[in-house]
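As stored in my_file_21.csv (CSV, C-alpha atoms and all ligand atoms):
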chain,number,residue,atom,x,y,z
A,1,MET,CA,129.6,36.0,11.0
A,2,PRO,CA,131.1,32.6,10.3
A,3,ARG,CA,130.3,29.7,12.6
A,4,LYS,CA,133.0,28.7,15.0
A,5,LYS,CA,135.0,25.6,14.1
A,6,ILE,CA,135.4,23.1,16.9
A,7,ALA,CA,138.0,20.3,16.4
A,8,LEU,CA,137.6,17.2,18.6
A,9,ILE,CA,140.9,15.3,18.5
A,10,GLY,CA,140.0,11.7,19.5
A,11,ALA,CA,136.7,10.2,18.4
A,12,GLY,CA,136.4,7.7,21.2
A,13,GLN,CA,133.8,7.6,23.9
A,14,ILE,CA,134.2,11.2,25.1
A,15,GLY,CA,134.9,12.6,21.6
A,16,GLY,CA,131.6,11.1,20.3
A,17,THR,CA,129.7,12.4,23.3
A,18,MET,CA,131.2,15.9,22.7
A,19,ALA,CA,130.3,15.9,19.0
A,20,LEU,CA,126.6,15.2,19.9
A,21,LEU,CA,126.5,17.9,22.6
A,22,ALA,CA,128.4,20.5,20.6
A,23,ALA,CA,125.9,20.0,17.7
A,24,GLN,CA,122.9,20.1,20.0
A,25,LYS,CA,124.1,23.3,21.5
A,26,GLU,CA,124.9,24.8,18.1
A,27,LEU,CA,128.3,25.8,19.3
A,28,GLY,CA,129.7,25.6,15.7
A,29,ASP,CA,130.7,23.2,13.0
A,30,VAL,CA,132.5,20.1,14.4
A,31,ILE,CA,135.4,18.3,13.0
A,32,LEU,CA,135.9,14.9,14.6
A,33,PHE,CA,139.5,13.5,14.2
A,34,ASP,CA,140.9,10.1,15.0
A,35,ILE,CA,143.8,8.0,13.7
A,36,VAL,CA,141.4,5.0,13.4
A,37,GLU,CA,139.9,4.9,10.0
A,38,GLY,CA,136.1,4.9,9.7
A,39,VAL,CA,135.3,5.6,13.4
A,40,PRO,CA,135.3,9.5,13.2
A,41,GLN,CA,133.5,9.3,9.8
A,42,GLY,CA,130.9,6.9,11.2
A,43,LYS,CA,130.3,8.8,14.4
A,44,GLY,CA,130.4,12.1,12.6
A,45,LEU,CA,127.8,11.0,10.1
A,46,ASP,CA,125.6,9.5,12.9
A,47,VAL,CA,125.7,12.8,14.8
A,48,MET,CA,125.1,14.7,11.6
A,49,GLU,CA,122.0,12.6,11.1
A,50,THR,CA,120.7,13.7,14.5
A,51,THR,CA,120.6,17.3,13.5
A,52,PRO,CA,117.4,17.2,11.4
A,53,VAL,CA,115.7,15.4,14.3
A,54,GLU,CA,117.0,17.9,16.9
A,55,GLY,CA,116.6,20.9,14.6
A,56,CYS,CA,120.2,22.1,15.1
A,57,ASN,CA,122.2,24.0,12.6
A,58,SER,CA,125.7,22.5,13.0
A,59,THR,CA,127.6,20.3,10.7
A,60,VAL,CA,129.7,17.3,12.0
A,61,THR,CA,132.5,15.8,9.8
A,62,GLY,CA,134.7,12.9,10.6
A,63,THR,CA,138.3,12.8,9.4
A,64,ASN,CA,141.7,11.1,9.6
A,65,SER,CA,143.5,14.1,8.2
A,66,TYR,CA,144.8,16.9,10.4
A,67,GLU,CA,144.5,19.2,7.3
A,68,ASP,CA,140.8,19.3,8.2
A,69,ILE,CA,141.3,21.0,11.6
A,70,ARG,CA,142.9,24.0,9.8
A,71,GLY,CA,141.8,27.3,11.4
A,72,ALA,CA,139.9,25.7,14.2
A,73,ASP,CA,138.8,28.1,17.0
A,74,ILE,CA,138.8,25.5,19.7
A,75,CYS,CA,140.5,22.1,19.9
A,76,ILE,CA,139.4,19.6,22.5
A,77,VAL,CA,141.8,16.7,23.0
A,78,THR,CA,140.8,13.2,24.2
A,79,ALA,CA,143.4,11.3,22.1
A,80,GLY,CA,145.1,8.7,24.2
A,81,ILE,CA,144.3,5.5,26.0
A,82,PRO,CA,141.9,5.4,29.0
A,83,ARG,CA,142.2,3.5,32.3
A,84,LYS,CA,141.2,-0.1,32.8
A,85,PRO,CA,140.3,-1.5,36.3
A,86,GLY,CA,143.4,-1.6,38.5
A,87,MET,CA,145.2,1.2,36.6
A,88,SER,CA,145.8,4.6,38.0
A,89,ARG,CA,145.6,7.7,35.8
A,90,ASP,CA,149.4,7.9,36.2
A,91,ASP,CA,149.9,4.5,34.6
A,92,LEU,CA,149.0,6.1,31.3
A,93,ILE,CA,151.8,8.6,31.2
A,94,ALA,CA,154.3,7.3,28.8
A,95,THR,CA,151.8,6.3,26.1
A,96,ASN,CA,149.7,9.4,26.4
A,97,THR,CA,152.7,11.8,26.5
A,98,LYS,CA,153.7,10.5,23.0
A,99,ILE,CA,150.2,10.8,21.7
A,100,VAL,CA,149.6,14.3,23.1
A,101,LYS,CA,152.9,15.5,21.8
A,102,ASP,CA,151.9,14.4,18.3
A,103,VAL,CA,148.5,16.1,18.7
A,104,ALA,CA,150.1,19.3,20.0
A,105,GLU,CA,152.5,19.5,17.0
A,106,ASN,CA,149.5,19.2,14.6
A,107,ILE,CA,147.5,21.8,16.5
A,108,LYS,CA,150.4,24.2,16.4
A,109,LYS,CA,150.7,23.6,12.7
A,110,TYR,CA,147.0,23.8,11.6
A,111,ALA,CA,145.2,25.7,14.3
A,112,PRO,CA,147.9,28.1,15.8
A,113,ASP,CA,145.3,30.6,17.1
A,114,SER,CA,143.0,28.1,18.8
A,115,PHE,CA,142.1,27.6,22.4
A,116,VAL,CA,143.0,24.1,23.6
A,117,ILE,CA,141.1,22.0,26.2
A,118,ILE,CA,142.8,18.8,27.2
A,119,ILE,CA,141.0,15.9,28.6
A,120,THR,CA,143.5,13.1,28.2
A,121,ASN,CA,144.9,11.6,31.5
A,122,PRO,CA,147.1,12.0,33.5
A,123,LEU,CA,145.4,15.3,33.1
A,124,ASP,CA,147.6,18.0,34.6
A,125,ALA,CA,150.8,16.5,33.1
A,126,MET,CA,149.1,16.3,29.6
A,127,VAL,CA,148.2,20.0,29.9
A,128,TYR,CA,151.9,20.6,30.6
A,129,VAL,CA,152.9,18.6,27.5
A,130,MET,CA,150.4,20.5,25.3
A,131,GLN,CA,151.6,23.9,26.5
A,132,LYS,CA,155.3,23.0,26.2
A,133,VAL,CA,155.0,21.6,22.7
A,134,THR,CA,152.6,24.3,21.3
A,135,GLY,CA,154.2,27.2,23.1
A,136,PHE,CA,150.7,28.8,23.2
A,137,PRO,CA,150.1,31.4,25.9
A,138,LYS,CA,148.7,30.0,29.2
A,139,SER,CA,145.4,31.7,28.6
A,140,ARG,CA,144.8,29.4,25.6
A,141,VAL,CA,145.8,26.0,27.1
A,142,MET,CA,143.7,24.4,29.8
A,143,GLY,CA,142.7,21.0,31.2
A,144,MET,CA,139.2,19.7,32.0
A,145,ALA,CA,139.0,17.9,35.3
A,146,GLY,CA,137.7,20.3,38.0
A,147,VAL,CA,134.4,20.9,36.2
A,148,LEU,CA,133.8,17.1,36.2
A,149,ASP,CA,135.1,16.6,39.8
A,150,SER,CA,132.8,19.4,41.1
A,151,ALA,CA,129.9,18.1,39.0
A,152,ARG,CA,130.4,14.7,40.7
A,153,PHE,CA,130.5,16.4,44.1
A,154,ARG,CA,127.3,18.4,43.3
A,155,ALA,CA,125.6,15.2,42.1
A,156,PHE,CA,126.5,13.4,45.4
A,157,ILE,CA,125.3,16.4,47.5
A,158,SER,CA,122.0,16.4,45.6
A,159,MET,CA,121.6,12.6,46.0
A,160,GLU,CA,122.2,12.9,49.7
A,161,THR,CA,120.0,15.9,50.4
A,162,GLY,CA,117.3,15.7,47.7
A,163,VAL,CA,118.0,19.3,46.7
A,164,SER,CA,118.1,20.3,43.0
A,165,VAL,CA,121.5,20.3,41.5
A,166,ASN,CA,120.7,23.8,40.2
A,167,ASP,CA,121.0,25.1,43.8
A,168,ILE,CA,124.2,23.3,44.6
A,169,THR,CA,127.7,24.7,43.9
A,170,ALA,CA,130.9,22.8,44.6
A,171,PHE,CA,134.5,23.8,44.8
A,172,VAL,CA,137.3,21.4,44.0
A,173,LEU,CA,141.0,22.5,43.8
A,174,GLY,CA,144.2,20.8,42.9
A,175,GLY,CA,145.4,18.0,40.5
A,176,HIS,CA,143.0,15.6,38.9
A,177,GLY,CA,143.9,12.6,41.0
A,178,ASP,CA,143.5,10.9,44.4
A,179,THR,CA,144.9,14.0,46.0
A,180,MET,CA,142.4,16.5,44.6
A,181,VAL,CA,140.9,18.8,47.2
A,182,PRO,CA,137.1,19.2,47.5
A,183,LEU,CA,136.5,22.3,49.6
A,184,SER,CA,133.3,21.8,51.5
A,185,ARG,CA,133.2,25.2,53.2
A,186,TYR,CA,133.1,26.8,49.7
A,187,SER,CA,130.5,24.4,48.5
A,188,THR,CA,126.9,25.5,49.0
A,189,ILE,CA,123.3,24.3,49.0
A,190,GLY,CA,121.1,27.3,48.2
A,191,GLY,CA,123.9,29.6,49.3
A,192,ILE,CA,124.4,27.8,52.6
A,193,PRO,CA,127.9,26.4,53.1
A,194,LEU,CA,127.9,22.6,53.3
A,195,PRO,CA,129.0,22.4,57.0
A,196,ASP,CA,126.1,24.7,58.0
A,197,TYR,CA,123.4,22.8,56.1
A,198,PRO,CA,120.9,21.3,58.5
A,199,GLY,CA,121.1,17.5,58.9
A,200,LEU,CA,124.4,17.2,57.0
A,201,SER,CA,126.9,15.7,59.5
A,202,ALA,CA,130.7,16.1,59.1
A,203,GLU,CA,130.8,12.4,58.5
A,204,LYS,CA,128.4,12.5,55.6
A,205,ILE,CA,130.4,15.4,54.1
A,206,ARG,CA,133.6,13.5,54.4
A,207,ALA,CA,132.1,10.5,52.8
A,208,MET,CA,130.9,12.7,49.8
A,209,GLU,CA,134.4,14.2,49.5
A,210,ASP,CA,135.9,10.7,49.4
A,211,ARG,CA,133.4,9.6,46.8
A,212,THR,CA,134.3,12.6,44.7
A,213,ARG,CA,138.0,11.8,44.9
A,214,ASN,CA,137.3,8.3,43.8
A,215,GLY,CA,134.5,9.2,41.4
A,216,GLY,CA,136.5,8.3,38.3
A,217,GLY,CA,137.6,4.9,39.7
A,218,GLU,CA,134.0,4.1,40.8
A,219,ILE,CA,132.9,4.3,37.2
A,220,VAL,CA,135.9,2.5,35.8
A,221,ASN,CA,135.2,-0.4,38.2
A,222,LEU,CA,131.5,-0.5,37.0
A,223,LEU,CA,132.2,-0.2,33.3
A,224,LYS,CA,135.2,-2.5,33.3
A,225,THR,CA,136.1,-1.6,29.7
A,226,GLY,CA,136.9,2.1,29.9
A,227,SER,CA,136.3,5.2,31.9
A,228,ALA,CA,133.5,7.7,32.3
A,229,PHE,CA,132.4,9.7,29.2
A,230,TYR,CA,129.1,11.4,29.5
A,231,ALA,CA,129.9,13.7,32.3
A,232,PRO,CA,133.5,14.3,31.1
A,233,GLY,CA,132.1,15.2,27.6
A,234,ALA,CA,129.5,17.5,29.1
A,235,SER,CA,132.1,19.2,31.3
A,236,ALA,CA,134.5,20.0,28.5
A,237,ILE,CA,131.6,21.3,26.3
A,238,ALA,CA,130.6,23.7,29.1
A,239,MET,CA,134.1,25.1,29.1
A,240,ALA,CA,134.1,25.5,25.3
A,241,GLU,CA,130.7,27.2,25.5
A,242,SER,CA,131.9,29.7,28.1
A,243,ILE,CA,134.7,30.7,25.7
A,244,ILE,CA,132.7,30.7,22.5
A,245,ARG,CA,129.8,32.6,24.0
A,246,ASP,CA,132.0,34.7,26.3
A,247,GLN,CA,129.9,33.7,29.3
A,248,LYS,CA,132.6,34.4,31.8
A,249,ARG,CA,131.7,31.5,34.0
A,250,ILE,CA,133.9,30.5,36.9
A,251,PHE,CA,135.2,26.9,36.5
A,252,PRO,CA,137.9,25.0,38.1
A,253,CYS,CA,140.4,24.3,35.3
A,254,ALA,CA,143.9,22.9,35.1
A,255,VAL,CA,146.1,25.9,34.1
A,256,LEU,CA,149.6,27.1,34.6
A,257,CYS,CA,150.0,28.6,38.0
A,258,GLU,CA,152.7,31.3,38.2
A,259,GLY,CA,152.7,32.0,41.9
A,260,GLU,CA,149.0,31.7,42.6
A,261,TYR,CA,148.3,29.6,45.7
A,262,GLY,CA,152.0,29.6,46.3
A,263,HIS,CA,152.9,27.4,43.3
A,264,LYS,CA,155.0,28.4,40.3
A,265,GLY,CA,155.4,26.5,37.1
A,266,ILE,CA,152.8,23.9,38.0
A,267,PHE,CA,149.6,23.0,36.1
A,268,MET,CA,146.7,22.3,38.4
A,269,GLY,CA,143.1,22.9,39.0
A,270,VAL,CA,142.2,26.4,40.2
A,271,PRO,CA,139.1,28.5,39.8
A,272,VAL,CA,139.3,30.7,36.6
A,273,ILE,CA,137.0,32.9,34.6
A,274,LEU,CA,136.5,31.5,31.1
A,275,GLY,CA,135.5,34.0,28.4
A,276,GLU,CA,136.4,35.0,24.8
A,277,LYS,CA,140.0,35.5,25.8
A,278,GLY,CA,140.2,32.0,27.2
A,279,VAL,CA,141.5,31.9,30.8
A,280,GLU,CA,140.9,35.5,31.7
A,281,LYS,CA,141.7,35.4,35.3
A,282,ILE,CA,142.7,33.0,38.1
A,283,ILE,CA,140.7,33.5,41.2
A,284,GLU,CA,142.8,33.2,44.3
A,285,ILE,CA,141.2,32.7,47.7
A,286,GLN,CA,142.5,32.4,51.3
A,287,LEU,CA,142.9,28.8,52.4
A,288,THR,CA,143.1,27.4,56.0
A,289,ALA,CA,146.3,25.7,57.0
A,290,ASP,CA,144.8,22.3,56.4
A,291,GLU,CA,143.4,23.2,53.0
A,292,LYS,CA,146.7,24.7,52.0
A,293,ALA,CA,148.5,21.5,53.1
A,294,ALA,CA,146.1,19.4,51.1
A,295,LEU,CA,146.7,21.6,48.0
A,296,ASP,CA,150.4,21.5,48.4
A,297,LYS,CA,150.3,17.7,48.5
A,298,SER,CA,148.3,17.6,45.4
A,299,ALA,CA,150.7,20.1,43.7
A,300,GLY,CA,153.5,17.8,44.8
A,301,ALA,CA,151.9,14.9,43.0
A,302,VAL,CA,151.5,16.9,39.8
A,303,LYS,CA,155.1,18.1,40.0
A,304,GLU,CA,156.3,14.5,40.2
A,305,LEU,CA,154.3,13.6,37.0
A,306,MET,CA,155.7,16.7,35.3
A,307,SER,CA,159.2,15.5,36.1
A,308,VAL,CA,158.4,12.0,34.8
A,309,VAL,CA,157.5,13.7,31.5
A,310,ASP,CA,160.7,15.8,31.6
A,311,ASN,CA,162.8,12.7,32.2
A,312,SER,CA,161.1,10.5,29.7
A,313,GLY,CA,163.1,12.1,26.8
A,314,ILE,CA,159.9,12.2,24.8
A,315,LEU,CA,159.6,15.9,24.5
A,401,LIG,O1,138.4,14.4,33.8
A,401,LIG,C1,139.1,14.0,32.9
A,401,LIG,N1,140.0,14.8,32.4
A,401,LIG,C2,138.9,12.7,32.4
A,401,LIG,C3,139.9,12.1,31.5
A,401,LIG,C4,137.7,11.9,32.6
A,401,LIG,C5,137.5,10.7,32.0
A,401,LIG,C6,138.5,10.2,31.0
A,401,LIG,N2,139.7,10.9,30.9
A,401,LIG,C7,140.7,10.5,29.9
A,401,LIG,O2,140.2,10.9,28.6
A,401,LIG,C8,140.9,9.0,29.7
A,401,LIG,O3,141.8,8.5,30.7
A,401,LIG,C9,141.6,9.1,28.3
A,401,LIG,O4,143.0,9.4,28.4
A,401,LIG,C10,140.9,10.2,27.6
A,401,LIG,C11,139.9,9.7,26.6
A,401,LIG,O5,138.9,8.9,27.1
A,401,LIG,P1,137.8,8.1,26.2
A,401,LIG,O6,137.0,7.3,27.1
A,401,LIG,O7,137.2,9.0,25.2
A,401,LIG,O8,138.8,7.1,25.5
A,401,LIG,P2,138.7,6.3,24.1
A,401,LIG,O9,137.2,5.9,23.9
A,401,LIG,O10,139.7,5.2,24.1
A,401,LIG,O11,139.1,7.4,23.0
A,401,LIG,C12,140.4,7.8,22.8
A,401,LIG,C13,140.6,7.9,21.3
A,401,LIG,C14,140.4,6.6,20.5
A,401,LIG,O12,139.4,6.7,19.6
A,401,LIG,C15,141.8,6.4,19.9
A,401,LIG,O13,141.7,5.9,18.6
A,401,LIG,C16,142.3,7.9,19.8
A,401,LIG,O14,141.9,8.4,21.1
A,401,LIG,N3,143.7,8.0,19.6
A,401,LIG,C17,144.2,9.0,18.9
A,401,LIG,N4,143.7,10.0,18.3
A,401,LIG,C18,144.5,10.9,17.6
A,401,LIG,N5,145.9,10.7,17.6
A,401,LIG,C19,146.4,9.7,18.2
A,401,LIG,N6,147.8,9.6,18.2
A,401,LIG,C20,145.6,8.8,18.9
A,401,LIG,N7,145.9,7.7,19.7
A,401,LIG,C21,144.7,7.2,20.1

Turn the structure described in the file into structure tokens.
Amino acid sequence: MPRKKIALIGAGQIGGTMALLAAQKELGDVILFDIVEGVPQGKGLDVMETTPVEGCNSTVTGTNSYEDIRGADICIVTAGIPRKPGMSRDDLIATNTKIVKDVAENIKKYAPDSFVIIITNPLDAMVYVMQKVTGFPKSRVMGMAGVLDSARFRAFISMETGVSVNDITAFVLGGHGDTMVPLSRYSTIGGIPLPDYPGLSAEKIRAMEDRTRNGGGEIVNLLKTGSAFYAPGASAIAMAESIIRDQKRIFPCAVLCEGEYGHKGIFMGVPVILGEKGVEKIIEIQLTADEKAALDKSAGAVKELMSVVDNSGIL
């Protein structure tokens, strides 16, 4: 059976991190693409040279030619510009719409049967651009944000309670922005819903939800020269692994909603099952009136960004 081919479009901070993780997990052979000459080749070779040390049988190749992604099984897209302090994710929209459109045209041409995971911000709007330009079915186009947001929430819960991250689950819905909706009553510690966990006050829970919402900005402010990359890289690789190994994990992913949660034609984070067919199912749960209102607000923010894309004349 041939190894899977994983194309990483964008060889920046997240692209490089994903190349290392994909090789270490032996998900397949990695093609690292970027428009900047030398960077994907250098990072690719560097990661390739880790494989004898780590004992992993994956190859990693850097390139500036889209020809090399031909026949890829999965494409993971980070191409674009990241945030700097003081910028919101939405400030990136015009530049990144043009970049993601170009990437999408090349994926359509060279890897027409691939699954596509988008990471570029503003996330939900960029998933929309990718789906619109490629015309791929919605099961093959998804955005990575919720896995990261819920990982952040889990990390904060673990830091607060001292309990292993392995026994903590977290649930985050909505767009990847300040309006995202961390759902505490569906987040658990050892199976116990957060609000019922001994010693965890409503105030502490609210503080962790807020920190999750601002988790990206917290890191941008600390780094000053870019945004988070280790956890975003790990999150996207977890999604790719669930598809490649048909793990059928439930992850919050940005996908096209067609009536789920009362929203039609909107790309936003909802829980899905990821397996060999890509997005195999959207899991819809009952929300309280407050939760529904928060999700509607988040969907409204995504809708606005989608119309900025539509009115930009770029597509
Ligand atoms: O949860 C999430 N989805 C995110 C998203 C979490 C963190 C960061 N998120 C976003 O990912 C961030 O706002 C950016 O839009 C992307 C990529 O972040 P990264 O930190 O990897 O950015 P880099 O290091 O600047 O890398 C981007 C690369 C860089 O090497 C550019 O040369 C390349 O993209 N680039 C291109 N590649 C291909 N084609 C084109 N046109 C292109 N333009 C730039």

Q | Contacts of Asp124 of chain A within 7 Å, all atoms listed in the file, excl. fewer than 6 positions in-chain, as a list in words | A | Gly143, Gly175, His176, Ala254, Phe267, Met268 and Val302 of chain A

Q.
Under the rule that only C-alpha atoms and all ligand atoms are counted, which of A:Gly28, A:Pro232, A:Pro195, A:Gly217 is the nearest residue to ligand LIG 401 (chain A)?
A.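 Checking each of A:Gly28, A:Pro232, A:Pro195, A:Gly217 against ligand LIG 401 (chain A), counting only C-alpha atoms and all ligand atoms, the winner is A:Pro232.
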
Can you tell me, as JSON, the centre and edge lengths (Å, one decimal) of the axis-aligned box enclosing all of ligand LIG 401 (chain A)'s listed atoms after padding each side by 3 Å?
{"center_x": 142.4, "center_y": 10.0, "center_z": 25.7, "size_x": 16.8, "size_y": 15.6, "size_z": 22.2}

Q: Select the residues contacting ligand LIG 401 (chain A) at a distance of at most 6 Å, based on only C-alpha atoms and all ligand atoms, then format the selection as a list in words.
A: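 What falls inside 6 Å of ligand LIG 401 (chain A) is Ile9, Gly10, Ala11, Gly12, Gln13, Ile14, Gly15, Asp34, Ile35, Val36, Thr78, Ala79, Gly80, Ile81, Pro82, Arg83, Ile99, Ile119, Thr120, Asn121, Leu123, Met144, Ala145, Leu148, Gly226, Ser227, Ala228, Phe229 and Pro232 of chain A.
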
Would you mind exporting C-alpha atoms of the selected residues as an mmCIF file, keeping the file's coordinate frame?
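Okay, this is what ended up in result17.cif:
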data_model
loop_
_atom_site.group_PDB
_atom_site.id
_atom_site.type_symbol
_atom_site.label_atom_id
_atom_site.label_comp_id
_atom_site.auth_asym_id
_atom_site.auth_seq_id
_atom_site.Cartn_x
_atom_site.Cartn_y
_atom_site.Cartn_z
ATOM 1 C CA ILE A 9 140.900 15.300 18.500
ATOM 2 C CA GLY A 10 140.000 11.700 19.500
ATOM 3 C CA ALA A 11 136.700 10.200 18.400
ATOM 4 C CA GLY A 12 136.400 7.700 21.200
ATOM 5 C CA GLN A 13 133.800 7.600 23.900
ATOM 6 C CA ILE A 14 134.200 11.200 25.100
ATOM 7 C CA GLY A 15 134.900 12.600 21.600
ATOM 8 C CA ASP A 34 140.900 10.100 15.000
ATOM 9 C CA ILE A 35 143.800 8.000 13.700
ATOM 10 C CA VAL A 36 141.400 5.000 13.400
ATOM 11 C CA THR A 78 140.800 13.200 24.200
ATOM 12 C CA ALA A 79 143.400 11.300 22.100
ATOM 13 C CA GLY A 80 145.100 8.700 24.200
ATOM 14 C CA ILE A 81 144.300 5.500 26.000
ATOM 15 C CA PRO A 82 141.900 5.400 29.000
ATOM 16 C CA ARG A 83 142.200 3.500 32.300
ATOM 17 C CA ILE A 99 150.200 10.800 21.700
ATOM 18 C CA ILE A 119 141.000 15.900 28.600
ATOM 19 C CA THR A 120 143.500 13.100 28.200
ATOM 20 C CA ASN A 121 144.900 11.600 31.500
ATOM 21 C CA LEU A 123 145.400 15.300 33.100
ATOM 22 C CA MET A 144 139.200 19.700 32.000
ATOM 23 C CA ALA A 145 139.000 17.900 35.300
ATOM 24 C CA LEU A 148 133.800 17.100 36.200
ATOM 25 C CA GLY A 226 136.900 2.100 29.900
ATOM 26 C CA SER A 227 136.300 5.200 31.900
ATOM 27 C CA ALA A 228 133.500 7.700 32.300
ATOM 28 C CA PHE A 229 132.400 9.700 29.200
ATOM 29 C CA PRO A 232 133.500 14.300 31.100
#

Q: Compute the distance from (136.9, 8.3, 44.6) to each atom, counting all atoms listed in the file, keep the residues with any atom at most 12 Å away, and return them as a list in words; use the coordinates of the file.
A: Ser88, Asp149, Arg152, Phe153, Phe156, His176, Gly177, Asp178, Thr179, Met180, Val181, Pro182, Arg206, Ala207, Met208, Glu209, Asp210, Arg211, Thr212, Arg213, Asn214, Gly215, Gly216, Gly217, Glu218, Ile219, Val220 and Asn221 of chain A
